[in-house]
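Student: One structure is given below, represented as structure tokens, and several questions about it will come after.
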Amino acid sequence: RGHLVSAADLTRDDAVLILDTAEEMARVADRPIKKLPTLRGRTVVNLFFEDSTRTRISFEAAAQRLSADVINFSAKGSSVSKGESLKDTALTLEAMGADAVVIRHHDSGAPHRLATSGWINGSVVNAGDGTHEHPTQALLDAFTLRRRLVGPDAGLGQDLSGRRVTIVGDVLHSRVARSNVHLLHTLGAEVTLVAPPTLVPIGVEHWPCEVSYDLDAVLPKSDAVMMLRVQRERMNAAFFPTEREYARRYGLDGERMARMPEDAVVMHPGPMNRGMEITAEVADSARCTAVEQVANGVSIRMAVLYLLLGGSESAVTNYRTEES
Ligand code: CP
């Protein structure tokens, strides 16, 4: 069985196949009956050790739309709170016949451990691990970018060559930024990170991107600007700059947005800190794709589950929908 642990593991062709399969899945969502019988009899377990709204719900919707059985496991209220280990939790899920385990964990590397441990036979999908990676978020971001900057049908088979994407904010704590830098580079985009010096990770010079500390200088050269959530829960008291200074220098407001090219889009993975990294005016503007990203997340997660659990390359055409 295959796994999806890191966006860095994907080749350009892997990534384009997932994006193209997600386009087929998006067409299913437009039908009166939104289900395919593709994964009937399969079991997908959502194993969440950390809070989530978008990722957990969209994996659940994705599995259901493919007719899989879904088991939702949250560490809160489970025997994890009694000290049960990841290994024993995994063995329990294996005994229940999980074909895929979608895992979010506070420790970087937990999905890799699960995928390589031999504790389970099913596919492992990383739904966000510590500050490491969030590959399906990067895929849904790339899908959104391709739709907006290349076009849905015109985009089939294509990557993001030459598109300029700026990722702004708390890069240090962001698994979304790390996955996006790798995937967007693989897809041919030019990525620039903009962050306060205190929120740039050590070793960033080895990442395939540029780094800038001047948001206003980069905005006019951006086809998309991805704002990151300031992750105060992962910071100690020494967080610098102050919140007010952060918003002033690195926050996106209407005045700053006006410096972007006319067709450029604003992205945010959610959840947002309105008034901190993004103002309500920008978040609610037509240029902000945050809600569209959530909808696209279902199509991407359908594509990932479909491809990992044995789907052929043409996702929909080989299957009759339940409506037909
Ligand atoms: N973008 C994202 O991962 O959101 P959740 O934490 O709500 O899943």
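If you're wondering about the labels, chains in the structure tokens are A, B, ... by order shown, residues count from 1 in each chain, ligands from 1 in order shown.
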Using only C-alpha atoms, which protein or nucleic acid residues come within 10 Å of Thr192 (chain A)? Drop anything in the same chain fewer than 2 positions from it, and give the result as a count of residues only.

Tutor: 18

Student: Around ligand 1, at most 12 Å away and counting only C-alpha atoms and all ligand atoms, which residues are there? Put them as a PyMOL selection string, please.

Tutor: chain A and resi 46+48-60+102-106+126-131+133-141+174-177+179+227-229+231+267-272+290-291+293-298

Student: I need the residues of region 118-156 of chain A that end up classed as strand (DSSP E) by DSSP on the backbone, written out as a ChimeraX atom specification.

Tutor: /A:123-129

Student: At a cut-off of 7 Å, using only C-alpha atoms, what residues contact region 111-119 of chain A? Leave out same-chain residues fewer than 6 positions from it and give the result as a list of chain:residue names.

Tutor: A:His3, A:Val5, A:Lys87, A:Ala90, A:Leu91, A:Ile103, A:Asn126

Student: Please list as number ranges by chain every residue within 9 Å of Pro201 (chain A), counting only C-alpha atoms and excluding residues in the same chain fewer than 6 positions away.

Tutor: A: 171-173

Student: Keeping N, CA and C atoms for every residue in the selection just given, could you write it to a file as a tab-separated table (two decimals), in the first residue's frame?

Tutor:
```tsv
chain	number	residue	atom	x	y	z
A	171	VAL	N	6.25	31.36	9.41
A	171	VAL	CA	6.80	30.20	8.68
A	171	VAL	C	7.39	29.19	9.67
A	172	LEU	N	7.98	29.70	10.74
A	172	LEU	CA	8.68	28.84	11.71
A	172	LEU	C	7.81	27.69	12.19
A	173	HIS	N	6.53	27.98	12.49
A	173	HIS	CA	5.66	26.96	13.07
A	173	HIS	C	4.74	26.31	12.04
```

Student: Which is closer to Val191 (chain A) than all the others in A:Arg12, A:Arg232, A:Arg42, A:Arg163, using only C-alpha atoms?

Tutor: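 Looking only at the distances to Val191 (chain A), the closest residue turns out to be A:Arg163.
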
Student: Using only C-alpha atoms, which residues sit within 12 Å of Leu66 (chain A) once same-chain residues fewer than 4 positions away are excluded, as number ranges by chain?

Tutor: A: 25, 28-29, 33-44, 59-62, 70, 298-299, 301-307, 309, 311, 315-316, 319-322

Student: Print the selection's residues with N, CA and C atoms to a file, as a CSV table (one decimal), in the first residue's frame.

Tutor:
```csv
chain,number,residue,atom,x,y,z
A,25,MET,N,-13.1,14.5,-9.6
A,25,MET,CA,-13.9,14.4,-8.3
A,25,MET,C,-14.8,15.6,-8.1
A,28,VAL,N,-18.0,15.3,-9.7
A,28,VAL,CA,-19.0,14.5,-8.9
A,28,VAL,C,-19.7,15.4,-8.0
A,29,ALA,N,-19.0,16.3,-7.4
A,29,ALA,CA,-19.7,17.2,-6.4
A,29,ALA,C,-20.7,18.1,-7.0
A,33,ILE,N,-26.6,13.6,-7.1
A,33,ILE,CA,-26.1,12.6,-6.1
A,33,ILE,C,-24.6,12.6,-6.2
A,34,LYS,N,-24.0,13.0,-5.0
A,34,LYS,CA,-22.6,13.3,-5.0
A,34,LYS,C,-21.7,12.1,-4.7
A,35,LYS,N,-22.2,10.9,-4.8
A,35,LYS,CA,-21.4,9.7,-4.4
A,35,LYS,C,-21.0,8.8,-5.5
A,36,LEU,N,-19.8,8.3,-5.3
A,36,LEU,CA,-19.3,7.2,-6.2
A,36,LEU,C,-19.2,5.9,-5.4
A,37,PRO,N,-19.5,4.8,-6.0
A,37,PRO,CA,-19.4,3.5,-5.2
A,37,PRO,C,-17.9,3.0,-5.1
A,38,THR,N,-17.0,3.7,-5.5
A,38,THR,CA,-15.6,3.3,-5.7
A,38,THR,C,-15.0,2.6,-4.5
A,39,LEU,N,-15.2,3.1,-3.3
A,39,LEU,CA,-14.5,2.5,-2.1
A,39,LEU,C,-15.5,1.8,-1.2
A,40,ARG,N,-16.6,1.3,-1.8
A,40,ARG,CA,-17.5,0.5,-1.0
A,40,ARG,C,-16.8,-0.7,-0.4
A,41,GLY,N,-17.1,-0.9,0.9
A,41,GLY,CA,-16.5,-2.0,1.6
A,41,GLY,C,-15.1,-1.7,2.2
A,42,ARG,N,-14.6,-0.5,1.9
A,42,ARG,CA,-13.3,-0.1,2.5
A,42,ARG,C,-13.6,0.8,3.8
A,43,THR,N,-12.6,0.8,4.7
A,43,THR,CA,-12.7,1.6,5.9
A,43,THR,C,-11.6,2.6,6.0
A,44,VAL,N,-12.0,3.8,6.2
A,44,VAL,CA,-11.1,4.9,6.4
A,44,VAL,C,-11.2,5.4,7.9
A,59,PHE,N,-11.9,15.2,5.1
A,59,PHE,CA,-11.6,13.8,4.9
A,59,PHE,C,-12.8,12.9,5.1
A,60,GLU,N,-13.6,13.2,6.1
A,60,GLU,CA,-14.9,12.5,6.3
A,60,GLU,C,-15.8,12.6,5.1
A,61,ALA,N,-16.0,13.8,4.6
A,61,ALA,CA,-16.9,14.0,3.5
A,61,ALA,C,-16.3,13.3,2.2
A,62,ALA,N,-15.0,13.3,2.1
A,62,ALA,CA,-14.3,12.7,0.9
A,62,ALA,C,-14.5,11.2,0.9
A,70,VAL,N,-16.5,5.2,7.5
A,70,VAL,CA,-15.6,6.1,8.1
A,70,VAL,C,-15.7,5.9,9.6
A,298,VAL,N,-12.1,18.9,-0.3
A,298,VAL,CA,-12.9,17.6,-0.4
A,298,VAL,C,-12.5,16.9,-1.7
A,299,SER,N,-12.4,17.6,-2.8
A,299,SER,CA,-12.0,17.0,-4.1
A,299,SER,C,-10.6,16.4,-4.0
A,301,ARG,N,-9.0,15.5,-1.3
A,301,ARG,CA,-8.9,14.3,-0.4
A,301,ARG,C,-9.6,13.1,-1.0
A,302,MET,N,-10.6,13.3,-1.8
A,302,MET,CA,-11.2,12.2,-2.6
A,302,MET,C,-10.2,11.6,-3.5
A,303,ALA,N,-9.5,12.5,-4.2
A,303,ALA,CA,-8.5,12.0,-5.1
A,303,ALA,C,-7.4,11.2,-4.4
A,304,VAL,N,-6.9,11.7,-3.3
A,304,VAL,CA,-5.8,11.0,-2.6
A,304,VAL,C,-6.3,9.7,-2.1
A,305,LEU,N,-7.5,9.6,-1.5
A,305,LEU,CA,-8.0,8.3,-1.0
A,305,LEU,C,-8.2,7.4,-2.2
A,306,TYR,N,-8.8,7.9,-3.2
A,306,TYR,CA,-9.0,7.1,-4.4
A,306,TYR,C,-7.7,6.5,-5.0
A,307,LEU,N,-6.7,7.3,-5.1
A,307,LEU,CA,-5.5,6.8,-5.8
A,307,LEU,C,-4.7,5.9,-4.8
A,309,LEU,N,-6.0,4.0,-2.4
A,309,LEU,CA,-6.7,2.7,-2.2
A,309,LEU,C,-7.0,1.9,-3.4
A,311,GLY,N,-7.4,3.0,-6.8
A,311,GLY,CA,-8.1,3.5,-8.0
A,311,GLY,C,-7.2,3.5,-9.2
A,315,ALA,N,-10.3,8.4,-12.6
A,315,ALA,CA,-11.1,8.2,-11.4
A,315,ALA,C,-12.6,7.9,-11.6
A,316,VAL,N,-13.2,8.7,-12.4
A,316,VAL,CA,-14.6,8.6,-12.5
A,316,VAL,C,-15.1,7.8,-13.7
A,319,TYR,N,-16.2,4.2,-13.5
A,319,TYR,CA,-17.2,3.8,-12.6
A,319,TYR,C,-18.5,4.5,-12.9
A,320,ARG,N,-19.6,3.7,-12.7
A,320,ARG,CA,-20.9,4.3,-12.9
A,320,ARG,C,-21.2,5.0,-11.6
A,321,THR,N,-21.8,6.2,-11.6
A,321,THR,CA,-22.2,6.8,-10.4
A,321,THR,C,-23.4,6.1,-9.9
A,322,GLU,N,-23.8,6.3,-8.6
A,322,GLU,CA,-25.0,5.7,-8.1
A,322,GLU,C,-26.2,6.3,-8.7
```

Student: DSSP says helix (DSSP H, G or I) for which residues of region 104-294 of chain A? Put them as an NGL selection string?

Tutor: :A and (110-116 or 135-149 or 175-186 or 197-199 or 204-206 or 215-221 or 232-234 or 243-250 or 254-257 or 280-283 or 290-294)

Student: Using only C-alpha atoms, pick whichever of A:Leu215, A:Met257, A:Ile300, A:Leu160 has the shortest atom-to-atom distance to Gly188 (chain A).

Tutor: A:Leu160
